[in-house]
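Participant: Below is one structure. I have some questions about it.
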Amino acid sequence: METENFTFSFRNGTYDFSERTFLMGILNVTPDSFSDGGKFFDKQKAIEQALKMESEGADFIDIGAESTRPNSQAVSVETELERLVPVVSELLKKVKIPISIDTTKAKVAEEMLKLGVEAINDISGFVFEPKIAEIVAKFNAFAFLMHTKGKPQEMQKNVSYDNLIGEIQTYLESSISFAKSKGIRGIAIDPGIGFGKSFEGNFEILARLGEFKKFGKPILVGLSRKGFLGNEVGERLEGSLSGAVASVLNGANILRVHDVKETKKAIFVADKIKKYQRWN
């Protein structure tokens, strides 16, 4: 196992990802989000939702302006920035917690970091546009590196693996090594639930989450409202919460969620149990 480095300083404080489970509140400023149907495409509604999530206990606000659901279509750099700049500019004046941008585009990352954003969440782990790593390093920003099997338009066409966990680990190991070679210090990893994974594969990842501890990095899990939980999108709260608790007990340090208030309550119990697991 690599030496663990779970502490990172942000503008308004230091996060120790080993002391409890941190919550990343999801804010989609797109017209075609799978989870909310574009509810927060409106600037004012997006800002209100971010402030609500902060008040409910979110530790990050993760803002995405390009849908990455299966079979979604890519948008241009210009479109992403048109959606992001008005919302992010306003939120940076209002929230105290760090803002993360969910993007794979180097230019988008650069413009957002110039504004004052403190983290980049790249679903490709710096594979789609490697230049993004240099930009993250330049601004001493935090990086969330995820595994995916291809771009959203193609990732669910081939979800078979010879060794699911082993192949994800190899991918993440390469992303970590590349990020470190560019000088990035703050790194968390994400096995990519729902990104090029089968129905059963998602559950296998959750069950074997502890195997990703070998990298000595905080583990992020994003399963909130995803299709493998069953039912219609609006009926996945219970599945999201049970998955969140299981993730925490199996080693997750950060959860990316839509329902901050409910998840906060659920993982309070899981965090208490997790402490006893460490002691014993």
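If you're wondering about the labels, chains in the structure tokens are A, B, ... by order shown, residues count from 1 in each chain, ligands from 1 in order shown.
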Counting only C-alpha atoms, which residues in stretch 106-155 of chain A sit no more than 12 Å from stretch 191-205 of chain A? For each one, give the nearest pair of atoms and the distance in Å, sorted by chain then residue number, as a Markdown table.

Facilitator:
```
| residue | atom | partner | partner_atom | distance |
| --- | --- | --- | --- | --- |
| A:Asn121 | CA | A:Gly192 | CA | 11.7 |
| A:Asp122 | CA | A:Gly192 | CA | 10.7 |
| A:Ile123 | CA | A:Gly192 | CA | 7.6 |
| A:Ser124 | CA | A:Gly192 | CA | 9.2 |
| A:Gly125 | CA | A:Gly192 | CA | 10.0 |
| A:Phe144 | CA | A:Pro191 | CA | 10.7 |
| A:Leu145 | CA | A:Pro191 | CA | 8.6 |
| A:Met146 | CA | A:Gly192 | CA | 5.6 |
| A:His147 | CA | A:Gly192 | CA | 5.0 |
| A:Thr148 | CA | A:Phe195 | CA | 5.1 |
| A:Lys149 | CA | A:Gly196 | CA | 4.8 |
| A:Gly150 | CA | A:Gly196 | CA | 7.1 |
| A:Lys151 | CA | A:Phe195 | CA | 8.7 |
| A:Pro152 | CA | A:Phe195 | CA | 7.6 |
| A:Gln153 | CA | A:Gly196 | CA | 10.4 |
| A:Glu154 | CA | A:Gly196 | CA | 8.3 |
| A:Met155 | CA | A:Gly196 | CA | 4.5 |
```

Participant: List every residue of stretch 94-182 of chain A that DSSP, applied to the backbone, labels as strand (DSSP E or B), and write the result as a ChimeraX atom specification.

Facilitator: /A:99-102,119-122,142-146

Participant: Between A:Phe268, A:Phe142, A:Phe228, A:Tyr276, which has the minimum distance to A:Arg20 (counting only C-alpha atoms)?

Facilitator: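 Nearest to A:Arg20: A:Phe268.
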
Participant: Contacts of A:Pro130 at 10 Å or less, counting only C-alpha atoms, minus same-chain residues fewer than 3 places along, as a list in words?

Facilitator: Thr104, Lys105, Ala106, Ser124, Gly125, Phe126, Val127, Ala133, Glu134, Ile135, Ser175, Phe178 and Ala179 of chain A

Participant: Just the helix (DSSP H, G or I) stuff from stretch 72-258 of chain A, please, per backbone DSSP, written as an MDAnalysis selection string.

Facilitator: chainID A and resid 77:94 106:115 132:138 164:181 199:207 209:215 227:229 233:235 237:249

Participant: How far is it from atom CA of A:Gly230 to atom CA of A:Ala244, in Å with one decimal?

Facilitator: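 That distance, rounded to one decimal, is 15.1 Å.
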
Participant: By how many Å are atom CA of A:Ile101 and atom CA of A:Phe60 apart?

Facilitator: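 So the two atoms, atom CA of A:Ile101 and atom CA of A:Phe60, lie 10.1 Å apart.
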